[in-house]
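S.K.: Just query.txt, nothing more (compact mmCIF, C-alpha atoms and all ligand atoms):
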# COMPACT_ATOMS: atom_id res chain seq x y z
CA MET K 191 -10.37 1.62 26.14
CA LYS K 192 -10.43 4.61 28.45
CA ARG K 193 -11.17 4.30 32.15
CA ALA K 194 -13.22 7.52 32.19
CA LYS K 195 -15.55 6.04 29.57
CA CYS K 196 -15.84 2.79 31.54
CA ILE K 197 -16.77 4.67 34.70
CA GLU K 198 -19.27 6.77 32.76
CA ALA K 199 -20.83 3.62 31.32
CA ILE K 200 -21.59 2.18 34.77
CA TYR K 201 -22.21 5.47 36.60
CA SER K 202 -25.98 5.00 36.79
CA GLU K 203 -25.45 1.50 38.21
CA LEU K 204 -23.39 2.93 41.06
CA GLN K 205 -26.19 5.00 42.58
CA ASP K 206 -27.41 2.25 44.91
CA LYS K 207 -24.01 0.79 45.82
CA LEU K 208 -21.18 1.73 48.17
CA VAL K 209 -18.29 2.80 45.96
CA VAL K 210 -14.67 3.05 47.09
CA THR K 211 -12.04 4.38 44.70
CA ILE K 212 -8.30 4.82 44.82
CA MET K 213 -6.92 8.34 44.82
CA GLY K 214 -5.89 10.45 41.88
CA ALA K 215 -7.09 10.04 38.33
CA CYS K 216 -9.72 7.39 39.00
CA ALA K 217 -11.28 9.36 41.84
CA GLN K 218 -11.28 12.54 39.77
CA GLU K 219 -12.99 10.83 36.84
CA LEU K 220 -15.79 9.53 39.05
CA TYR K 221 -16.11 12.83 40.91
CA ASP K 222 -16.34 14.76 37.64
CA LEU K 223 -19.43 12.76 36.67
CA GLY K 224 -21.12 14.05 39.81
CA HIS K 225 -20.38 13.24 43.44
CA CYS K 226 -22.85 11.04 45.31
CA GLU K 227 -22.92 10.51 49.05
CA ASN K 228 -22.28 6.78 48.56
CA PHE K 229 -18.86 7.45 46.98
CA PHE K 230 -15.66 7.35 49.03
CA TYR K 231 -12.38 8.41 47.44
CA LEU K 232 -9.57 6.86 49.46
CA GLU K 233 -6.64 9.23 49.50
CA HIS K 234 -3.09 8.54 50.68
CA ALA K 235 -3.55 4.88 51.65
CA MET K 236 -2.43 3.40 48.34
CA GLY K 237 -3.39 -0.26 47.96
CA LEU K 238 -6.04 -0.31 50.65
CA ALA K 239 -9.22 0.52 48.72
CA SER K 240 -9.95 -3.19 48.35
CA SER K 241 -9.31 -3.76 52.06
CA ILE K 242 -11.83 -1.05 52.92
CA GLY K 243 -14.25 -2.54 50.41
CA LEU K 244 -13.80 -5.96 51.99
CA GLY K 245 -14.55 -4.58 55.46
CA LEU K 246 -17.65 -2.81 54.19
CA ALA K 247 -18.90 -5.86 52.30
CA LEU K 248 -18.44 -8.22 55.25
CA ASN K 249 -20.06 -5.88 57.74
CA LEU K 250 -22.89 -4.68 55.50
CA PRO K 251 -24.08 -7.85 53.80
CA HIS K 252 -27.30 -6.18 52.60
CA GLU K 253 -25.30 -3.57 50.64
CA ARG K 254 -23.48 -4.02 47.33
CA VAL K 255 -19.92 -2.72 47.37
CA VAL K 256 -17.84 -1.71 44.35
CA VAL K 257 -14.11 -1.01 44.56
CA MET K 258 -12.38 0.86 41.74
CA ASP K 259 -8.71 0.08 41.97
CA GLY K 260 -5.54 0.56 39.93
CA ASP K 261 -2.79 -1.86 38.94
CA GLY K 262 -0.15 0.07 40.89
CA SER K 263 -2.33 0.07 43.99
CA VAL K 264 -3.12 -3.66 43.76
CA LEU K 265 0.57 -4.45 43.22
CA MET K 266 1.33 -2.57 46.43
CA ASN K 267 -1.05 -4.82 48.37
CA LEU K 268 -1.11 -8.09 46.42
CA GLY K 269 -2.09 -10.02 49.53
CA THR K 270 -5.48 -8.36 49.30
CA LEU K 271 -6.48 -10.82 46.55
CA THR K 272 -5.81 -13.77 48.84
CA THR K 273 -7.78 -12.15 51.65
CA LEU K 274 -10.67 -11.42 49.28
CA ALA K 275 -10.59 -15.06 48.12
CA ARG K 276 -10.58 -16.38 51.66
CA TYR K 277 -13.53 -14.33 52.90
CA HIS K 278 -15.20 -14.03 49.45
CA PRO K 279 -18.06 -11.66 50.31
CA PRO K 280 -20.75 -12.25 47.68
CA ASN K 281 -21.69 -8.56 47.63
CA LEU K 282 -18.29 -7.23 46.50
CA THR K 283 -17.15 -6.32 42.99
CA HIS K 284 -13.49 -5.41 42.67
CA ILE K 285 -12.70 -3.54 39.46
CA ILE K 286 -9.00 -3.15 38.73
CA PHE K 287 -8.32 -0.56 36.04
CA ASP K 288 -5.01 -1.79 34.68
CA ASN K 289 -3.31 1.00 32.74
CA GLY K 290 0.20 -0.40 33.27
CA SER K 291 1.13 2.85 34.90
CA LEU K 292 1.36 4.82 38.12
CA LEU K 293 -0.49 7.48 36.21
CA SER K 294 -1.52 9.79 39.01
CA THR K 295 2.05 10.42 40.10
CA GLY K 296 3.71 10.98 36.77
CA GLY K 297 3.01 7.93 34.64
CA PHE K 298 5.82 5.58 35.66
CA ALA K 299 5.46 2.06 34.24
CA SER K 300 4.07 -0.54 36.64
CA HIS K 301 4.84 -4.28 36.61
CA THR K 302 1.80 -4.97 34.42
CA THR K 303 3.34 -2.96 31.59
CA ALA K 304 4.01 -4.92 28.40
CA GLY K 305 2.28 -7.98 29.81
CA ILE K 306 4.90 -8.76 32.44
CA THR K 307 2.50 -9.34 35.32
CA ASP K 308 -1.00 -10.75 34.81
CA LEU K 309 -3.28 -9.53 37.59
CA ALA K 310 -6.24 -11.64 36.43
CA ALA K 311 -4.06 -14.77 36.69
CA ILE K 312 -2.91 -13.69 40.16
CA ALA K 313 -6.53 -13.16 41.23
CA ARG K 314 -7.44 -16.65 39.96
CA GLY K 315 -4.38 -18.15 41.61
CA ALA K 316 -5.34 -16.43 44.85
CA GLY K 317 -8.55 -18.45 44.77
CA ILE K 318 -11.07 -16.00 43.34
CA LYS K 319 -13.44 -17.93 41.10
CA ASN K 320 -15.19 -15.19 39.19
CA VAL K 321 -12.45 -13.23 37.43
CA ALA K 322 -12.91 -11.40 34.12
CA LEU K 323 -10.20 -9.86 31.98
CA VAL K 324 -11.64 -7.28 29.57
CA SER K 325 -10.24 -4.80 27.10
CA THR K 326 -13.26 -3.48 25.19
CA PRO K 327 -16.09 -1.26 26.44
CA PHE K 328 -18.66 -3.90 25.46
CA ASP K 329 -16.90 -6.61 27.48
CA PHE K 330 -16.46 -4.22 30.39
CA ILE K 331 -20.17 -3.40 30.50
CA GLU K 332 -21.07 -7.07 30.19
CA ALA K 333 -18.63 -8.08 32.94
CA THR K 334 -19.86 -5.41 35.35
CA ALA K 335 -23.52 -6.21 34.64
CA ASP K 336 -22.79 -9.87 35.36
CA ALA K 337 -20.87 -9.03 38.52
CA PHE K 338 -23.58 -6.68 39.85
CA GLU K 339 -26.23 -9.32 39.28
CA ARG K 340 -24.56 -12.41 40.63
CA ASN K 341 -24.26 -13.21 44.29
CA GLU K 342 -20.55 -13.93 44.22
CA LEU K 343 -17.31 -12.05 44.71
CA SER K 344 -16.14 -10.77 41.32
CA VAL K 345 -12.86 -9.33 40.16
CA ILE K 346 -12.75 -7.49 36.83
CA VAL K 347 -9.38 -6.57 35.40
CA ALA K 348 -10.04 -3.88 32.79
CA LYS K 349 -7.17 -3.06 30.48
CA VAL K 350 -7.29 0.69 29.90
CA GLU K 351 -5.12 3.35 28.31
CA ALA K 352 -2.73 5.25 30.52
CA VAL K 353 -4.63 8.51 30.26
CA GLY K 354 -6.38 10.52 32.95
CA PRO K 355 -8.17 13.80 33.51
CA ASP K 356 -6.63 17.09 32.38
CA HIS K 357 -7.19 18.60 35.82
CA TYR K 358 -7.21 17.58 39.47
CA GLY K 359 -9.14 19.05 42.35
CA MET K 360 -12.23 18.20 44.34
CA ASP K 361 -14.30 20.43 46.54
CA LEU K 362 -14.41 17.64 49.09
CA LYS K 363 -11.58 16.92 51.48
CA LEU K 364 -10.96 13.42 52.82
CA PRO K 365 -12.36 13.94 56.36
CA GLU K 366 -15.57 15.51 55.05
CA ASN K 367 -15.97 12.73 52.49
CA ALA K 368 -15.39 10.10 55.20
CA PHE K 369 -17.91 11.62 57.65
CA ARG K 370 -20.56 12.02 54.98
CA PHE K 371 -19.96 8.50 53.64
CA GLU K 372 -20.34 7.09 57.15
CA ARG K 373 -23.56 9.06 57.65
CA TYR K 374 -24.89 7.81 54.31
CA ILE K 375 -24.19 4.21 55.34
CA LYS K 376 -25.93 4.65 58.70
CA GLU K 377 -29.02 6.26 57.23
CA HIS K 378 -29.18 4.05 54.18
CA SER K 379 -28.59 0.81 56.09
CA LYS K 380 -31.40 1.69 58.49
CA ILE K 381 -33.80 2.01 55.57
CA ARG K 382 -32.49 -1.20 53.98
CA THR K 383 -32.83 -3.31 57.10
CA GLU K 384 -36.17 -1.92 58.33
C1 LIG U 401 2.20 4.14 50.13
C2 LIG U 401 2.10 5.14 49.01
N1 LIG U 401 3.09 5.21 48.08
C3 LIG U 401 2.98 6.09 47.08
C4 LIG U 401 1.91 6.94 47.00
C5 LIG U 401 1.84 7.97 45.87
N2 LIG U 401 0.88 7.59 44.88
C6 LIG U 401 -0.39 8.07 44.86
S1 LIG U 401 -1.30 7.51 43.59
C7 LIG U 401 0.00 6.61 42.99
C8 LIG U 401 -0.15 5.79 41.72
C9 LIG U 401 -1.33 4.85 41.74
O1 LIG U 401 -1.21 3.99 40.63
P1 LIG U 401 -2.43 3.10 40.18
O2 LIG U 401 -3.03 2.42 41.32
O3 LIG U 401 -1.96 2.24 39.06
O4 LIG U 401 -3.50 4.15 39.65
P2 LIG U 401 -3.36 5.24 38.47
O5 LIG U 401 -2.71 6.44 39.10
O6 LIG U 401 -2.55 4.64 37.38
O7 LIG U 401 -4.76 5.51 38.10
C10 LIG U 401 1.13 6.76 43.81
C11 LIG U 401 2.44 6.12 43.54
C12 LIG U 401 0.92 6.83 47.99
N3 LIG U 401 -0.17 7.60 47.98
N4 LIG U 401 1.03 5.93 48.99
So, in terms of structure tokens, how does the structure I just supplied come out?

M.R.:
Amino acid sequence: MKRAKCIEAIYSELQDKLVVTIMGACAQELYDLGHCENFFYLEHAMGLASSIGLGLALNLPHERVVVMDGDGSVLMNLGTLTTLARYHPPNLTHIIFDNGSLLSTGGFASHTTAGITDLAAIARGAGIKNVALVSTPFDFIEATADAFERNELSVIVAKVEAVGPDHYGMDLKLPENAFRFERYIKEHSKIRTE
């Protein structure tokens, strides 16, 4: 299963949600489908996409928040799963694309390679109740549809191939993306809560 195909499969479902991605390949694959003002690509701060998603979900309970993470990033901030479990915002879906690799910086093997570390088991052990481990496009689509519908924190660990885009580059620098994302939230939240 390829991450780009997974993102493409749920792209239309992302239009009305706040989406936070990690940097690199994942961000590029979403961006290449067409940037939307409700997308924020977190650069530099590896491991903290889920923390930003948690903050958004807790503070904007009327919004649905989707985090697109990577195994390397989650491993860098494993405590995030315990914090998610403790505060368990019902409006947050945390998708971890597990390619067993630090793909965006050269493809070094991560601890999930060859089944060493099981992130779904760690998420369950952290106290997250709704955890899905998927490795086919059908199961991915089903798991995301379920997560987007239910009113409960969901973690989806999607096993994907260690392949990414053949190019990198966005016509959107981090500060501009951040300002526009903030403006989108302000304007959109006003409409939602009116
Ligand atoms: C604290 C920190 N260390 C290292 C990096 C460099 N870096 C950027 S992306 C990345 C790999 C991310 O791996 P993963 O989350 O598995 O996503 P993938 O690239 O495989 O899609 C690394 C090591 C960084 N940005 N910040």

S.K.: Given all atoms listed in the file as the basis, pick out the residue of K:Leu292, K:Met191, K:Leu271, K:Val347 nearest to Gly214 in chain K.

M.R.: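 Of K:Leu292, K:Met191, K:Leu271, K:Val347, the one nearest Gly214 in chain K is K:Leu292, counting all atoms listed in the file.
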
S.K.: Excluding range 249-262 of chain K and residues on its chain fewer than 3 positions from it, collect all residues at most 7 Å away from it, counting all atoms listed in the file, and give them as an MDAnalysis selection string.

M.R.: chainID K and resid 207:212 239:240 243 245:246 265:266 281:292 300

S.K.: Please report the interatomic distance between CA of Lys380 in chain K and CA of His225 in chain K in Å with one decimal.

M.R.: 21.9 Å

S.K.: Might you pull out every residue within 9 Å of Ala333 in chain K, with all atoms listed in the file counted and same-chain residues fewer than 5 positions away left off, and present them as a list in words?

M.R.: Ala322, Leu323, Val324, Phe328, Phe338 and Ile346 of chain K

S.K.: Taking 2 positions as the minimum chain separation for residues in the same chain, which residues sit within 10 Å of Pro327 in chain K when counting only C-alpha atoms? Answer as a list in words.

M.R.: Met191, Lys192, Arg193, Lys195, Cys196, Ala199, Val324, Ser325, Asp329, Phe330, Ile331, Glu332, Ala333, Ala348, Lys349 and Val350 of chain K

S.K.: Which is closest to ligand LIG 401 (chain U) among K:Ala311, K:Leu244, K:Ala337, K:Ala352, if we use only C-alpha atoms and all ligand atoms?

M.R.: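 Among the listed residues, the smallest separation from ligand LIG 401 (chain U) belongs to K:Ala352.
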
S.K.: Mind pulling up the distance from CA of Glu377 in chain K to CA of Gly237 in chain K?

M.R.: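 That distance, rounded to one decimal, is 28.0 Å.
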
S.K.: Take range 330-364 of chain K from the preceding structure and save C-alpha atoms as a PDB file, in the first residue's frame.

M.R.:
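New file result.pdb:
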ATOM      1  CA  PHE K 330      -7.569   2.064   5.270  1.00  0.00           C
ATOM      2  CA  ILE K 331     -10.647   3.634   3.692  1.00  0.00           C
ATOM      3  CA  GLU K 332     -12.916   1.706   6.036  1.00  0.00           C
ATOM      4  CA  ALA K 333     -10.875   2.694   9.109  1.00  0.00           C
ATOM      5  CA  THR K 334     -10.806   6.375   8.174  1.00  0.00           C
ATOM      6  CA  ALA K 335     -14.529   6.424   7.361  1.00  0.00           C
ATOM      7  CA  ASP K 336     -15.223   4.872  10.753  1.00  0.00           C
ATOM      8  CA  ALA K 337     -12.916   7.307  12.520  1.00  0.00           C
ATOM      9  CA  PHE K 338     -14.399  10.367  10.789  1.00  0.00           C
ATOM     10  CA  GLU K 339     -17.897   9.278  11.724  1.00  0.00           C
ATOM     11  CA  ARG K 340     -17.469   8.260  15.316  1.00  0.00           C
ATOM     12  CA  ASN K 341     -17.245  10.687  18.180  1.00  0.00           C
ATOM     13  CA  GLU K 342     -14.120   9.207  19.700  1.00  0.00           C
ATOM     14  CA  LEU K 343     -10.378   9.668  19.459  1.00  0.00           C
ATOM     15  CA  SER K 344      -9.046   7.289  16.803  1.00  0.00           C
ATOM     16  CA  VAL K 345      -5.556   6.185  15.918  1.00  0.00           C
ATOM     17  CA  ILE K 346      -4.974   4.459  12.580  1.00  0.00           C
ATOM     18  CA  VAL K 347      -1.618   2.836  11.960  1.00  0.00           C
ATOM     19  CA  ALA K 348      -1.367   2.348   8.195  1.00  0.00           C
ATOM     20  CA  LYS K 349       1.433   0.109   6.989  1.00  0.00           C
ATOM     21  CA  VAL K 350       2.735   1.655   3.780  1.00  0.00           C
ATOM     22  CA  GLU K 351       5.649   1.160   1.421  1.00  0.00           C
ATOM     23  CA  ALA K 352       8.742   3.257   1.947  1.00  0.00           C
ATOM     24  CA  VAL K 353       8.247   5.298  -1.197  1.00  0.00           C
ATOM     25  CA  GLY K 354       7.606   9.009  -1.599  1.00  0.00           C
ATOM     26  CA  PRO K 355       7.273  11.692  -4.232  1.00  0.00           C
ATOM     27  CA  ASP K 356       9.886  12.080  -6.979  1.00  0.00           C
ATOM     28  CA  HIS K 357      10.198  15.792  -6.228  1.00  0.00           C
ATOM     29  CA  TYR K 358      10.035  18.189  -3.296  1.00  0.00           C
ATOM     30  CA  GLY K 359       9.035  21.816  -3.228  1.00  0.00           C
ATOM     31  CA  MET K 360       6.003  23.843  -2.252  1.00  0.00           C
ATOM     32  CA  ASP K 361       5.121  27.366  -3.203  1.00  0.00           C
ATOM     33  CA  LEU K 362       4.117  27.976   0.395  1.00  0.00           C
ATOM     34  CA  LYS K 363       6.611  28.709   3.135  1.00  0.00           C
ATOM     35  CA  LEU K 364       5.914  27.764   6.746  1.00  0.00           C
TER      36      LEU K 364
END
